[in-house]
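Shown next: start32.tsv, containing TSV, C-alpha atoms.
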```tsv
chain	number	residue	atom	x	y	z
A	1	MET	CA	-10.37	-73.39	-70.30
A	2	LYS	CA	-12.49	-71.16	-72.49
A	3	ILE	CA	-15.65	-72.50	-74.08
A	4	ALA	CA	-17.48	-70.42	-76.68
A	5	VAL	CA	-21.19	-71.14	-77.12
A	6	LEU	CA	-22.44	-70.34	-80.61
A	7	SER	CA	-25.42	-70.69	-82.88
A	8	GLY	CA	-26.27	-69.53	-86.37
A	9	LYS	CA	-29.33	-67.64	-85.22
A	10	GLY	CA	-30.84	-66.11	-82.10
A	11	GLY	CA	-33.20	-68.02	-79.82
A	12	THR	CA	-31.50	-71.39	-80.24
A	13	GLY	CA	-30.37	-71.68	-76.63
A	14	LYS	CA	-26.88	-70.15	-76.36
A	15	THR	CA	-27.70	-68.32	-73.16
A	16	LEU	CA	-29.50	-71.34	-71.66
A	17	VAL	CA	-26.44	-73.52	-72.34
A	18	SER	CA	-23.73	-71.05	-71.34
A	19	VAL	CA	-25.48	-69.84	-68.17
A	20	ASN	CA	-26.17	-73.39	-66.96
A	21	LEU	CA	-22.70	-74.69	-67.81
A	22	ALA	CA	-21.15	-71.78	-65.89
A	23	ALA	CA	-23.47	-72.38	-62.95
A	24	VAL	CA	-22.61	-76.08	-62.81
A	25	ALA	CA	-18.80	-75.57	-62.93
A	26	PRO	CA	-16.87	-75.43	-59.63
A	27	ARG	CA	-15.36	-72.05	-60.55
A	28	ALA	CA	-16.54	-70.19	-63.61
A	29	VAL	CA	-16.54	-66.94	-65.50
A	30	TYR	CA	-19.58	-66.17	-67.61
A	31	VAL	CA	-18.83	-63.64	-70.34
A	32	ASP	CA	-21.82	-62.26	-72.22
A	33	CYS	CA	-20.49	-61.22	-75.62
A	34	ASP	CA	-23.95	-60.71	-77.10
A	35	VAL	CA	-23.34	-57.00	-76.61
A	36	GLU	CA	-26.32	-55.90	-78.68
A	37	GLU	CA	-28.74	-57.58	-76.32
A	38	PRO	CA	-26.98	-59.12	-73.32
A	39	ASN	CA	-29.39	-61.19	-71.22
A	40	GLY	CA	-27.30	-63.69	-69.21
A	41	HIS	CA	-27.26	-61.26	-66.28
A	42	LEU	CA	-31.05	-61.62	-66.02
A	43	PHE	CA	-30.45	-65.19	-64.82
A	44	PHE	CA	-27.41	-64.56	-62.62
A	45	LYS	CA	-28.75	-61.30	-61.15
A	46	PRO	CA	-25.20	-60.41	-60.09
A	47	HIS	CA	-24.16	-57.78	-57.67
A	48	TRP	CA	-22.25	-55.41	-59.96
A	49	ASP	CA	-18.84	-54.41	-58.61
A	50	ALA	CA	-17.35	-52.52	-61.49
A	51	GLU	CA	-18.37	-50.68	-64.63
A	52	THR	CA	-15.98	-49.30	-67.22
A	53	SER	CA	-16.77	-47.57	-70.47
A	54	VAL	CA	-15.35	-48.67	-73.81
A	55	SER	CA	-14.40	-46.08	-76.36
A	56	VAL	CA	-13.12	-46.02	-79.92
A	57	LYS	CA	-11.12	-43.46	-81.89
A	58	MET	CA	-13.03	-41.19	-84.25
A	59	PRO	CA	-11.51	-38.86	-86.82
A	60	VAL	CA	-12.05	-35.14	-86.37
A	61	VAL	CA	-11.24	-32.69	-89.15
A	62	ASP	CA	-9.57	-29.29	-88.83
A	63	THR	CA	-11.37	-27.49	-91.68
A	64	ASP	CA	-8.66	-24.79	-91.82
A	65	LEU	CA	-6.05	-27.42	-92.72
A	66	CYS	CA	-8.23	-29.59	-95.03
A	67	THR	CA	-7.57	-28.81	-98.69
A	68	GLY	CA	-10.18	-31.21	-100.08
A	69	CYS	CA	-7.64	-33.56	-101.64
A	70	ARG	CA	-9.99	-36.47	-100.79
A	71	VAL	CA	-7.26	-39.01	-100.05
A	72	CYS	CA	-9.28	-40.01	-96.97
A	73	VAL	CA	-12.58	-40.23	-98.89
A	74	ASP	CA	-11.06	-42.53	-101.51
A	75	PHE	CA	-9.30	-44.63	-98.89
A	76	CYS	CA	-12.23	-45.35	-96.57
A	77	LYS	CA	-13.58	-48.85	-97.35
A	78	PHE	CA	-16.65	-48.16	-95.22
A	79	ASN	CA	-17.52	-44.93	-97.05
A	80	ALA	CA	-17.62	-43.02	-93.77
A	81	LEU	CA	-16.31	-39.83	-95.41
A	82	ALA	CA	-17.60	-37.53	-98.14
A	83	TYR	CA	-16.37	-34.22	-99.48
A	84	THR	CA	-18.72	-31.53	-100.75
A	85	ASP	CA	-17.21	-28.11	-100.07
A	86	LYS	CA	-16.12	-29.48	-96.72
A	87	LEU	CA	-15.30	-32.90	-95.27
A	88	ILE	CA	-18.28	-34.78	-93.80
A	89	ILE	CA	-17.58	-37.62	-91.34
A	90	PHE	CA	-20.30	-40.21	-90.67
A	91	ARG	CA	-19.55	-41.34	-87.12
A	92	GLU	CA	-21.91	-44.34	-87.10
A	93	ILE	CA	-20.29	-45.73	-90.23
A	94	CYS	CA	-16.66	-45.23	-89.16
A	95	HIS	CA	-14.98	-48.46	-87.99
A	96	SER	CA	-12.10	-46.63	-86.25
A	97	CYS	CA	-9.38	-48.10	-88.44
A	98	GLY	CA	-7.39	-44.86	-88.25
A	99	GLY	CA	-6.40	-45.02	-91.93
A	100	CYS	CA	-7.69	-41.56	-92.81
A	101	VAL	CA	-5.67	-39.97	-90.00
A	102	LEU	CA	-2.51	-41.80	-91.11
A	103	LEU	CA	-2.91	-40.87	-94.76
A	104	CYS	CA	-3.99	-37.21	-94.56
A	105	PRO	CA	-1.17	-35.25	-96.30
A	106	GLN	CA	-2.21	-32.02	-94.54
A	107	LYS	CA	-2.43	-33.58	-91.07
A	108	ALA	CA	-5.93	-32.11	-90.96
A	109	LEU	CA	-7.40	-35.23	-89.28
A	110	THR	CA	-6.87	-36.16	-85.64
A	111	GLU	CA	-8.46	-38.77	-83.39
A	112	LYS	CA	-10.85	-38.27	-80.53
A	113	ASP	CA	-12.28	-40.85	-78.09
A	114	ARG	CA	-15.93	-41.70	-78.35
A	115	THR	CA	-17.77	-43.99	-75.91
A	116	ILE	CA	-19.59	-46.87	-77.60
A	117	GLY	CA	-20.58	-49.00	-74.60
A	118	GLN	CA	-19.78	-50.45	-71.19
A	119	VAL	CA	-18.29	-53.52	-69.55
A	120	LYS	CA	-19.86	-54.54	-66.22
A	121	LYS	CA	-18.44	-57.05	-63.76
A	122	GLY	CA	-20.12	-58.76	-60.85
A	123	ASN	CA	-20.59	-62.03	-58.94
A	124	SER	CA	-23.33	-64.61	-58.61
A	125	GLY	CA	-22.35	-67.47	-56.28
A	126	GLN	CA	-19.21	-69.14	-57.67
A	127	VAL	CA	-19.68	-67.43	-61.03
A	128	LYS	CA	-17.97	-64.22	-62.09
A	129	VAL	CA	-20.27	-62.42	-64.47
A	130	ILE	CA	-18.87	-60.10	-67.14
A	131	THR	CA	-21.25	-58.35	-69.52
A	132	GLY	CA	-20.72	-56.05	-72.44
A	133	ILE	CA	-23.35	-53.52	-73.43
A	134	MET	CA	-23.21	-51.64	-76.70
A	135	ASN	CA	-24.89	-48.25	-76.99
A	136	PRO	CA	-27.80	-48.24	-79.47
A	137	GLY	CA	-26.97	-47.24	-83.03
A	138	GLU	CA	-23.28	-48.21	-82.94
A	139	ALA	CA	-21.79	-49.94	-85.98
A	140	SER	CA	-19.65	-52.57	-84.30
A	141	GLY	CA	-19.42	-54.23	-80.89
A	142	ILE	CA	-15.98	-55.70	-81.59
A	143	PRO	CA	-14.06	-53.18	-79.40
A	144	ILE	CA	-16.35	-54.15	-76.49
A	145	ILE	CA	-15.77	-57.86	-77.11
A	146	LYS	CA	-12.00	-57.33	-77.17
A	147	LYS	CA	-12.28	-55.61	-73.80
A	148	LEU	CA	-14.50	-58.42	-72.44
A	149	LEU	CA	-12.10	-61.19	-73.43
A	150	GLU	CA	-8.99	-59.29	-72.34
A	151	ASN	CA	-9.02	-60.41	-68.70
A	152	SER	CA	-11.18	-63.48	-68.41
A	153	SER	CA	-8.62	-66.26	-68.36
A	154	ALA	CA	-7.58	-67.13	-64.79
A	155	GLU	CA	-6.19	-70.60	-63.98
A	156	ASN	CA	-8.56	-73.37	-62.81
A	157	GLU	CA	-11.54	-71.46	-64.03
A	158	THR	CA	-13.98	-72.45	-66.71
A	159	THR	CA	-14.86	-69.49	-68.91
A	160	LEU	CA	-18.15	-69.67	-70.77
A	161	ILE	CA	-18.39	-67.22	-73.63
A	162	ASP	CA	-21.99	-66.51	-74.64
A	163	CYS	CA	-21.52	-65.45	-78.28
A	164	PRO	CA	-23.62	-63.11	-80.39
A	165	PRO	CA	-25.84	-65.00	-82.86
A	166	GLY	CA	-24.74	-65.66	-86.42
A	167	SER	CA	-21.34	-66.15	-88.01
A	168	ALA	CA	-20.20	-62.59	-88.76
A	169	CYS	CA	-17.03	-60.68	-87.69
A	170	ILE	CA	-18.31	-60.17	-84.16
A	171	VAL	CA	-18.68	-63.95	-83.68
A	172	MET	CA	-15.23	-64.60	-85.17
A	173	GLU	CA	-13.75	-62.25	-82.58
A	174	THR	CA	-15.25	-64.36	-79.78
A	175	VAL	CA	-14.35	-67.71	-81.35
A	176	ARG	CA	-10.74	-66.63	-81.70
A	177	ALA	CA	-10.32	-66.67	-77.90
A	178	ALA	CA	-11.90	-70.10	-77.32
A	179	ASP	CA	-10.30	-73.51	-76.59
A	180	HIS	CA	-13.51	-75.29	-77.50
A	181	CYS	CA	-16.72	-74.30	-79.29
A	182	ILE	CA	-20.18	-75.59	-78.44
A	183	LEU	CA	-22.66	-75.21	-81.28
A	184	VAL	CA	-26.27	-75.13	-80.12
A	185	ALA	CA	-28.77	-76.43	-82.69
A	186	GLU	CA	-32.52	-76.72	-83.09
A	187	PRO	CA	-34.21	-79.82	-84.57
A	188	THR	CA	-35.48	-78.10	-87.73
A	189	LEU	CA	-34.25	-77.70	-91.31
A	190	PHE	CA	-33.79	-74.00	-90.61
A	191	GLY	CA	-31.78	-75.02	-87.55
A	192	VAL	CA	-29.56	-77.21	-89.73
A	193	HIS	CA	-28.90	-74.33	-92.11
A	194	ASN	CA	-27.79	-72.12	-89.23
A	195	LEU	CA	-25.76	-74.93	-87.69
A	196	SER	CA	-23.93	-75.49	-90.97
A	197	MET	CA	-22.85	-71.83	-91.03
A	198	VAL	CA	-21.28	-71.87	-87.56
A	199	TYR	CA	-19.85	-75.32	-88.27
A	200	GLU	CA	-18.02	-73.86	-91.29
A	201	LEU	CA	-16.76	-71.07	-89.06
A	202	VAL	CA	-15.29	-73.26	-86.31
A	203	LYS	CA	-13.66	-75.49	-88.93
A	204	LEU	CA	-12.12	-72.40	-90.50
A	205	PHE	CA	-10.68	-71.42	-87.11
A	206	LYS	CA	-9.60	-75.05	-86.50
A	207	LYS	CA	-11.30	-75.07	-83.10
A	208	PRO	CA	-12.33	-78.28	-81.32
A	209	HIS	CA	-16.10	-78.34	-81.34
A	210	GLY	CA	-19.23	-80.27	-80.46
A	211	VAL	CA	-22.96	-79.83	-80.78
A	212	VAL	CA	-25.63	-79.48	-78.11
A	213	LEU	CA	-28.98	-80.53	-79.56
A	214	ASN	CA	-31.62	-78.30	-77.98
A	215	LYS	CA	-35.42	-78.63	-77.97
A	216	CYS	CA	-35.21	-82.38	-78.63
A	217	LEU	CA	-38.50	-84.22	-79.25
A	218	ASP	CA	-39.09	-87.87	-80.02
A	219	ASP	CA	-39.48	-87.01	-83.71
A	220	GLU	CA	-36.69	-87.06	-86.24
A	221	ASN	CA	-33.95	-84.50	-85.63
A	222	PRO	CA	-32.41	-83.00	-88.80
A	223	ALA	CA	-29.65	-81.35	-86.71
A	224	GLU	CA	-28.67	-84.74	-85.29
A	225	GLU	CA	-28.61	-86.21	-88.81
A	226	PHE	CA	-26.31	-83.35	-89.87
A	227	CYS	CA	-23.95	-84.16	-86.96
A	228	LEU	CA	-23.86	-87.87	-87.79
A	229	LYS	CA	-23.26	-87.17	-91.47
A	230	ASN	CA	-20.40	-84.76	-90.75
A	231	LYS	CA	-19.04	-86.76	-87.78
A	232	ILE	CA	-19.50	-83.87	-85.36
A	233	PRO	CA	-19.40	-84.96	-81.69
A	234	ILE	CA	-22.72	-84.53	-79.87
A	235	VAL	CA	-21.98	-83.05	-76.46
A	236	GLY	CA	-25.50	-83.30	-75.11
A	237	ARG	CA	-29.24	-83.32	-75.71
A	238	ILE	CA	-31.65	-80.93	-74.05
A	239	PRO	CA	-35.26	-82.13	-74.05
A	240	PHE	CA	-38.09	-79.85	-75.14
A	241	GLU	CA	-39.80	-79.78	-71.77
A	242	HIS	CA	-42.35	-77.60	-70.07
A	243	GLU	CA	-40.43	-77.73	-66.79
A	244	LEU	CA	-37.21	-76.38	-68.29
A	245	GLY	CA	-39.08	-73.78	-70.31
A	246	LYS	CA	-40.88	-72.58	-67.18
A	247	LEU	CA	-37.66	-72.27	-65.14
A	248	ASN	CA	-36.02	-70.41	-67.98
A	249	SER	CA	-38.90	-68.03	-68.56
A	250	ASP	CA	-38.95	-67.26	-64.84
A	251	ALA	CA	-35.28	-66.22	-65.26
A	252	LEU	CA	-34.12	-69.06	-63.00
A	253	ILE	CA	-31.00	-71.11	-63.56
A	254	ALA	CA	-32.14	-74.69	-64.17
A	255	VAL	CA	-29.07	-76.37	-62.62
A	256	ARG	CA	-29.57	-74.44	-59.38
A	257	GLU	CA	-33.22	-75.47	-59.14
A	258	ASN	CA	-33.44	-79.02	-60.38
A	259	GLU	CA	-31.17	-82.05	-59.82
A	260	LYS	CA	-32.10	-83.64	-63.16
A	261	TYR	CA	-30.91	-80.59	-65.08
A	262	ARG	CA	-27.84	-80.21	-62.87
A	263	LYS	CA	-26.78	-83.73	-63.85
A	264	MET	CA	-27.54	-83.09	-67.52
A	265	PHE	CA	-25.41	-79.94	-67.77
A	266	ALA	CA	-22.66	-81.39	-65.53
A	267	GLY	CA	-22.44	-84.27	-68.02
A	268	MET	CA	-22.04	-81.85	-70.94
A	269	LEU	CA	-19.32	-79.89	-69.14
A	270	GLU	CA	-17.47	-83.12	-68.35
A	271	THR	CA	-17.63	-84.24	-71.98
A	272	VAL	CA	-16.23	-80.92	-73.19
A	273	THR	CA	-13.54	-80.77	-70.48
A	274	GLU	CA	-12.32	-84.25	-71.43
A	275	GLU	CA	-12.23	-83.28	-75.07
A	276	VAL	CA	-10.07	-80.23	-74.38
A	277	ARG	CA	-7.63	-82.36	-72.37
B	278	MET	CA	-27.94	-28.10	-115.82
B	279	LYS	CA	-27.24	-31.77	-115.13
B	280	ILE	CA	-29.91	-34.15	-113.82
B	281	ALA	CA	-29.08	-37.58	-112.35
B	282	LEU	CA	-31.29	-40.67	-112.03
B	283	PRO	CA	-30.49	-44.10	-110.57
B	284	VAL	CA	-31.14	-46.69	-113.30
B	285	ASP	CA	-31.00	-50.47	-113.75
B	286	GLU	CA	-29.23	-50.61	-117.12
B	287	ASN	CA	-26.95	-48.42	-119.23
B	288	ASN	CA	-29.34	-47.84	-122.14
B	289	MET	CA	-32.34	-45.60	-122.78
B	290	GLU	CA	-34.80	-48.53	-122.42
B	291	THR	CA	-33.77	-48.84	-118.78
B	292	LYS	CA	-36.08	-48.47	-115.83
B	293	VAL	CA	-35.44	-46.15	-112.91
B	294	CYS	CA	-33.80	-48.18	-110.14
B	295	VAL	CA	-35.72	-48.56	-106.85
B	296	SER	CA	-32.54	-47.89	-104.88
B	297	PHE	CA	-30.29	-44.84	-105.08
B	298	GLY	CA	-27.12	-46.04	-103.30
B	299	ARG	CA	-27.15	-49.50	-104.83
B	300	ALA	CA	-28.34	-48.62	-108.34
B	301	PRO	CA	-26.11	-50.30	-110.96
B	302	TYR	CA	-25.86	-47.09	-113.07
B	303	PHE	CA	-26.64	-43.41	-113.00
B	304	LEU	CA	-28.10	-41.66	-115.99
B	305	ILE	CA	-26.80	-38.09	-116.21
B	306	TYR	CA	-28.85	-35.84	-118.48
B	307	ASP	CA	-27.33	-32.53	-119.57
B	308	THR	CA	-30.17	-30.09	-120.31
B	309	GLU	CA	-27.94	-27.72	-122.33
B	310	LYS	CA	-26.26	-30.32	-124.54
B	311	LYS	CA	-29.42	-32.51	-124.47
B	312	GLU	CA	-27.08	-35.41	-123.92
B	313	ASN	CA	-27.47	-38.66	-121.91
B	314	VAL	CA	-24.43	-40.19	-120.22
B	315	PHE	CA	-24.41	-43.42	-118.20
B	316	ILE	CA	-21.92	-43.88	-115.41
B	317	GLN	CA	-21.39	-47.09	-113.50
B	318	ASN	CA	-22.16	-46.81	-109.80
B	319	THR	CA	-19.09	-48.34	-108.15
B	320	ALA	CA	-20.70	-47.67	-104.75
B	321	ALA	CA	-23.23	-50.46	-105.44
B	322	GLU	CA	-20.59	-53.05	-104.52
B	323	SER	CA	-19.77	-51.43	-101.16
B	324	GLN	CA	-20.25	-53.45	-98.02
B	325	GLY	CA	-21.66	-50.42	-96.28
B	326	GLY	CA	-22.11	-46.69	-96.78
B	327	ALA	CA	-23.16	-47.18	-100.41
B	328	GLY	CA	-25.45	-44.14	-100.28
B	329	ILE	CA	-22.63	-41.86	-99.16
B	330	LYS	CA	-20.30	-43.01	-101.92
B	331	ALA	CA	-23.08	-42.86	-104.52
B	332	ALA	CA	-23.89	-39.30	-103.47
B	333	GLN	CA	-20.19	-38.42	-103.78
B	334	MET	CA	-20.16	-39.84	-107.33
B	335	VAL	CA	-23.24	-37.86	-108.30
B	336	LEU	CA	-21.89	-34.60	-106.92
B	337	ASP	CA	-18.54	-35.20	-108.62
B	338	GLN	CA	-20.47	-35.22	-111.93
B	339	LYS	CA	-21.49	-31.59	-111.15
B	340	VAL	CA	-25.12	-32.58	-111.00
B	341	GLN	CA	-27.63	-30.03	-109.65
B	342	THR	CA	-30.71	-32.25	-109.42
B	343	LEU	CA	-31.37	-35.87	-108.49
B	344	LEU	CA	-34.60	-37.65	-109.50
B	345	THR	CA	-35.08	-40.82	-107.42
B	346	PRO	CA	-37.88	-42.93	-105.94
B	347	ARG	CA	-36.13	-43.03	-102.56
B	348	CYS	CA	-33.00	-41.84	-100.80
B	349	GLY	CA	-31.33	-42.77	-97.50
B	350	GLU	CA	-30.51	-40.24	-94.80
B	351	ASN	CA	-26.72	-40.39	-95.18
B	352	ALA	CA	-26.88	-39.90	-98.94
B	353	ALA	CA	-29.38	-37.08	-98.43
B	354	GLU	CA	-27.00	-35.34	-96.02
B	355	VAL	CA	-24.16	-35.39	-98.55
B	356	LEU	CA	-26.49	-34.16	-101.33
B	357	LYS	CA	-27.91	-31.42	-99.10
B	358	ASN	CA	-24.39	-30.22	-98.26
B	359	ALA	CA	-23.60	-30.19	-101.98
B	360	LYS	CA	-26.82	-28.20	-102.58
B	361	ILE	CA	-28.22	-30.86	-104.91
B	362	SER	CA	-32.02	-30.88	-104.86
B	363	ILE	CA	-33.84	-34.23	-104.69
B	364	TYR	CA	-37.15	-34.85	-106.47
B	365	LYS	CA	-39.38	-37.91	-106.29
B	366	THR	CA	-39.81	-39.88	-109.52
B	367	MET	CA	-43.39	-40.40	-110.80
B	368	ASN	CA	-42.89	-43.74	-112.63
B	369	ASP	CA	-40.05	-46.05	-113.71
B	370	ARG	CA	-39.33	-44.41	-117.11
B	371	PRO	CA	-36.32	-42.02	-117.02
B	372	LYS	CA	-37.54	-39.97	-119.99
B	373	ASP	CA	-40.99	-39.31	-118.45
B	374	ASN	CA	-39.38	-38.15	-115.24
B	375	ILE	CA	-36.90	-35.81	-116.92
B	376	GLU	CA	-39.71	-34.25	-118.96
B	377	ALA	CA	-41.95	-33.96	-115.90
B	378	PHE	CA	-39.16	-32.33	-113.93
B	379	LEU	CA	-38.45	-29.80	-116.69
B	380	GLU	CA	-42.17	-28.95	-116.70
B	381	SER	CA	-41.99	-28.51	-112.87
B	382	LYS	CA	-44.36	-31.42	-112.34
B	383	LEU	CA	-42.23	-33.40	-109.86
B	384	GLU	CA	-42.47	-33.00	-106.09
B	385	PRO	CA	-39.39	-32.67	-103.88
B	386	LEU	CA	-38.57	-35.95	-102.08
B	387	HIS	CA	-39.47	-35.54	-98.42
B	388	ASP	CA	-39.58	-39.07	-97.01
B	389	ILE	CA	-35.89	-39.73	-96.51
B	390	HIS	CA	-35.52	-43.25	-95.08
B	391	ALA	CA	-33.14	-44.31	-92.34
B	392	GLY	CA	-31.17	-46.59	-94.66
B	393	PHE	CA	-31.35	-50.36	-95.00
B	394	HIS	CA	-27.83	-51.13	-93.77
B	395	GLY	CA	-27.39	-54.40	-95.59
B	396	HIS	CA	-31.05	-55.40	-95.52
B	397	LYS	CA	-33.23	-55.36	-98.60
B	398	GLY	CA	-35.79	-52.61	-98.46
B	399	GLU	CA	-39.08	-53.92	-99.73
```
Would you mind writing the structure in this file as structure tokens?
Amino acid sequence: MKIAVLSGKGGTGKTLVSVNLAAVAPRAVYVDCDVEEPNGHLFFKPHWDAETSVSVKMPVVDTDLCTGCRVCVDFCKFNALAYTDKLIIFREICHSCGGCVLLCPQKALTEKDRTIGQVKKGNSGQVKVITGIMNPGEASGIPIIKKLLENSSAENETTLIDCPPGSACIVMETVRAADHCILVAEPTLFGVHNLSMVYELVKLFKKPHGVVLNKCLDDENPAEEFCLKNKIPIVGRIPFEHELGKLNSDALIAVRENEKYRKMFAGMLETVTEEVR
Amino acid sequence: MKIALPVDENNMETKVCVSFGRAPYFLIYDTEKKENVFIQNTAAESQGGAGIKAAQMVLDQKVQTLLTPRCGENAAEVLKNAKISIYKTMNDRPKDNIEAFLESKLEPLHDIHAGFHGHKGE
């Protein structure tokens, strides 16, 4: 079973939820897809066993063959190419679609590998930890995410996918692989706005989903009202507590330190598991 | 010689646009014919790389000089390769800037920014 943990913005509690759900499962894989700033490993502190680099294809021009016909320039939807008296290729803008290479009538363009990041694998107790890291300045982490989700689906294992924040292409790529989506939400109007964006996204992908209400206080909770109004199942409630905040800021995994939190996250995992069945 | 400016509208009352890559129009002034032509900047609608495409449009108009309040690094690279010189505008009136440039009163644009990449630059 693969569970994707999402939120419309950063700092809502995706990593808190996904790390603790993985740590509470009998056998789990924790996949950190927040490749721009992966931080789940700070909690698991795994012993890294393997590291592989991820590369993408980049066009390279043979200036002797290029006639300046500009078929590639006109084709590129990302505007990664320009022609002055020679072809200029903007590597950071190129999305590696390969279209320019296919279309070049002179066969002046070829492809070359370029490393954009790494995938690291390790273990922390009963949890397999897989992390993607994108090199600074790269346009898209999607090739790294594809690599991350390629081999993380063994039987009898619960896979927790810690998604990047937001609802853009990179999040869609992670949602695609999931059997269930957990949307983490904050009890503010801003939180509701962000929740509504990821809610639209999981509906679009027709994925079973539920909400974890984080930072719950005794006051009114606009995110909860949103869930009730839209009939979204509430998977769990995480209280806004000093104790949990302290454990988290000390980079400790709450379920491994405190029985109360172990029960709370175990309950959430059970609810989601039943829903997937 | 042809001079290009990013502008908000396609008439002579227009203001100079604060952005180069995402300007709605370019005003192309031909110093020999003393003629103003407006071209629509199709790059403005691009998801990304607007500056590159805008620079390509400007160079395709056989422009030698660009007068703009700001310019991103990718656009500047294309313009530099095309040997188009970039000068910094002094106010938001196209006519003032063209006159000032012809009287050699404009400074070359030095502070090339790193691009906004989808974010508004304010």
Sort by chain and increasing residue number a table of all residues of chain B within 6 Å of chain A, each with its closest pair of atoms and their distance in Å to one decimal, counting all atoms listed in the file, and write it as CSV.
```
residue,atom,partner,partner_atom,distance
B:Gly325,CA,A:Phe78,CA,5.6
B:Gly326,CA,A:Asn79,CA,4.9
B:Lys330,CA,A:Asn79,CA,5.9
B:Ala359,CA,A:Thr84,CA,5.2
```
So which residues fall inside 12 Å of (-3.9, -31.4, -88.2) if we count all atoms listed in the file? Mind giving them as a PDB file with C-alpha atoms, keeping the file's coordinate frame?
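So selection-v2.pdb came out as:
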```pdb
ATOM      1  CA  PRO A  59     -11.510 -38.860 -86.820  1.00  0.00           C
ATOM      2  CA  VAL A  60     -12.050 -35.140 -86.370  1.00  0.00           C
ATOM      3  CA  VAL A  61     -11.240 -32.690 -89.150  1.00  0.00           C
ATOM      4  CA  ASP A  62      -9.570 -29.290 -88.830  1.00  0.00           C
ATOM      5  CA  THR A  63     -11.370 -27.490 -91.680  1.00  0.00           C
ATOM      6  CA  ASP A  64      -8.660 -24.790 -91.820  1.00  0.00           C
ATOM      7  CA  LEU A  65      -6.050 -27.420 -92.720  1.00  0.00           C
ATOM      8  CA  CYS A  66      -8.230 -29.590 -95.030  1.00  0.00           C
ATOM      9  CA  THR A  67      -7.570 -28.810 -98.690  1.00  0.00           C
ATOM     10  CA  CYS A 100      -7.690 -41.560 -92.810  1.00  0.00           C
ATOM     11  CA  VAL A 101      -5.670 -39.970 -90.000  1.00  0.00           C
ATOM     12  CA  LEU A 102      -2.510 -41.800 -91.110  1.00  0.00           C
ATOM     13  CA  LEU A 103      -2.910 -40.870 -94.760  1.00  0.00           C
ATOM     14  CA  CYS A 104      -3.990 -37.210 -94.560  1.00  0.00           C
ATOM     15  CA  PRO A 105      -1.170 -35.250 -96.300  1.00  0.00           C
ATOM     16  CA  GLN A 106      -2.210 -32.020 -94.540  1.00  0.00           C
ATOM     17  CA  LYS A 107      -2.430 -33.580 -91.070  1.00  0.00           C
ATOM     18  CA  ALA A 108      -5.930 -32.110 -90.960  1.00  0.00           C
ATOM     19  CA  LEU A 109      -7.400 -35.230 -89.280  1.00  0.00           C
ATOM     20  CA  THR A 110      -6.870 -36.160 -85.640  1.00  0.00           C
ATOM     21  CA  GLU A 111      -8.460 -38.770 -83.390  1.00  0.00           C
TER      22      GLU A 111
END
```
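Counting all atoms listed in the file and comparing A:Val211, A:Cys163, A:Leu217, A:Met134, the residue that lies closest to His242 in chain A is A:Leu217.
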Kindly compute an axis-aligned box around the listed atoms of range 296-299 of chain B, allowing 3 Å on each side, and express its centre and edge lengths in Å to one decimal as JSON.
```
{"center_x": -29.8, "center_y": -47.2, "center_z": -104.2, "size_x": 11.4, "size_y": 10.7, "size_z": 7.8}
```
Skip range 291-301 of chain B itself and residues of its chain fewer than 2 positions away, then list as a short mmCIF file (atom, residue, chain, number, x, y, z; two decimals) with C-alpha atoms, in the frame of the given file all residues within 6 Å of it, counting only C-alpha atoms.
```cif
data_model
loop_
_atom_site.label_atom_id
_atom_site.label_comp_id
_atom_site.auth_asym_id
_atom_site.auth_seq_id
_atom_site.Cartn_x
_atom_site.Cartn_y
_atom_site.Cartn_z
CA PRO B 283 -30.49 -44.10 -110.57
CA VAL B 284 -31.14 -46.69 -113.30
CA ASP B 285 -31.00 -50.47 -113.75
CA GLU B 286 -29.23 -50.61 -117.12
CA ASN B 288 -29.34 -47.84 -122.14
CA MET B 289 -32.34 -45.60 -122.78
CA ASN B 318 -22.16 -46.81 -109.80
CA ALA B 321 -23.23 -50.46 -105.44
CA ALA B 327 -23.16 -47.18 -100.41
CA GLY B 328 -25.45 -44.14 -100.28
CA ALA B 331 -23.08 -42.86 -104.52
CA CYS B 348 -33.00 -41.84 -100.80
CA ASP B 369 -40.05 -46.05 -113.71
CA ARG B 370 -39.33 -44.41 -117.11
CA PRO B 371 -36.32 -42.02 -117.02
#
```
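With all atoms listed in the file as the atoms that count, the residue of A:Phe190, A:Tyr30, A:Tyr199, A:Tyr261 with the shortest distance to Leu247 in chain A is A:Tyr261.
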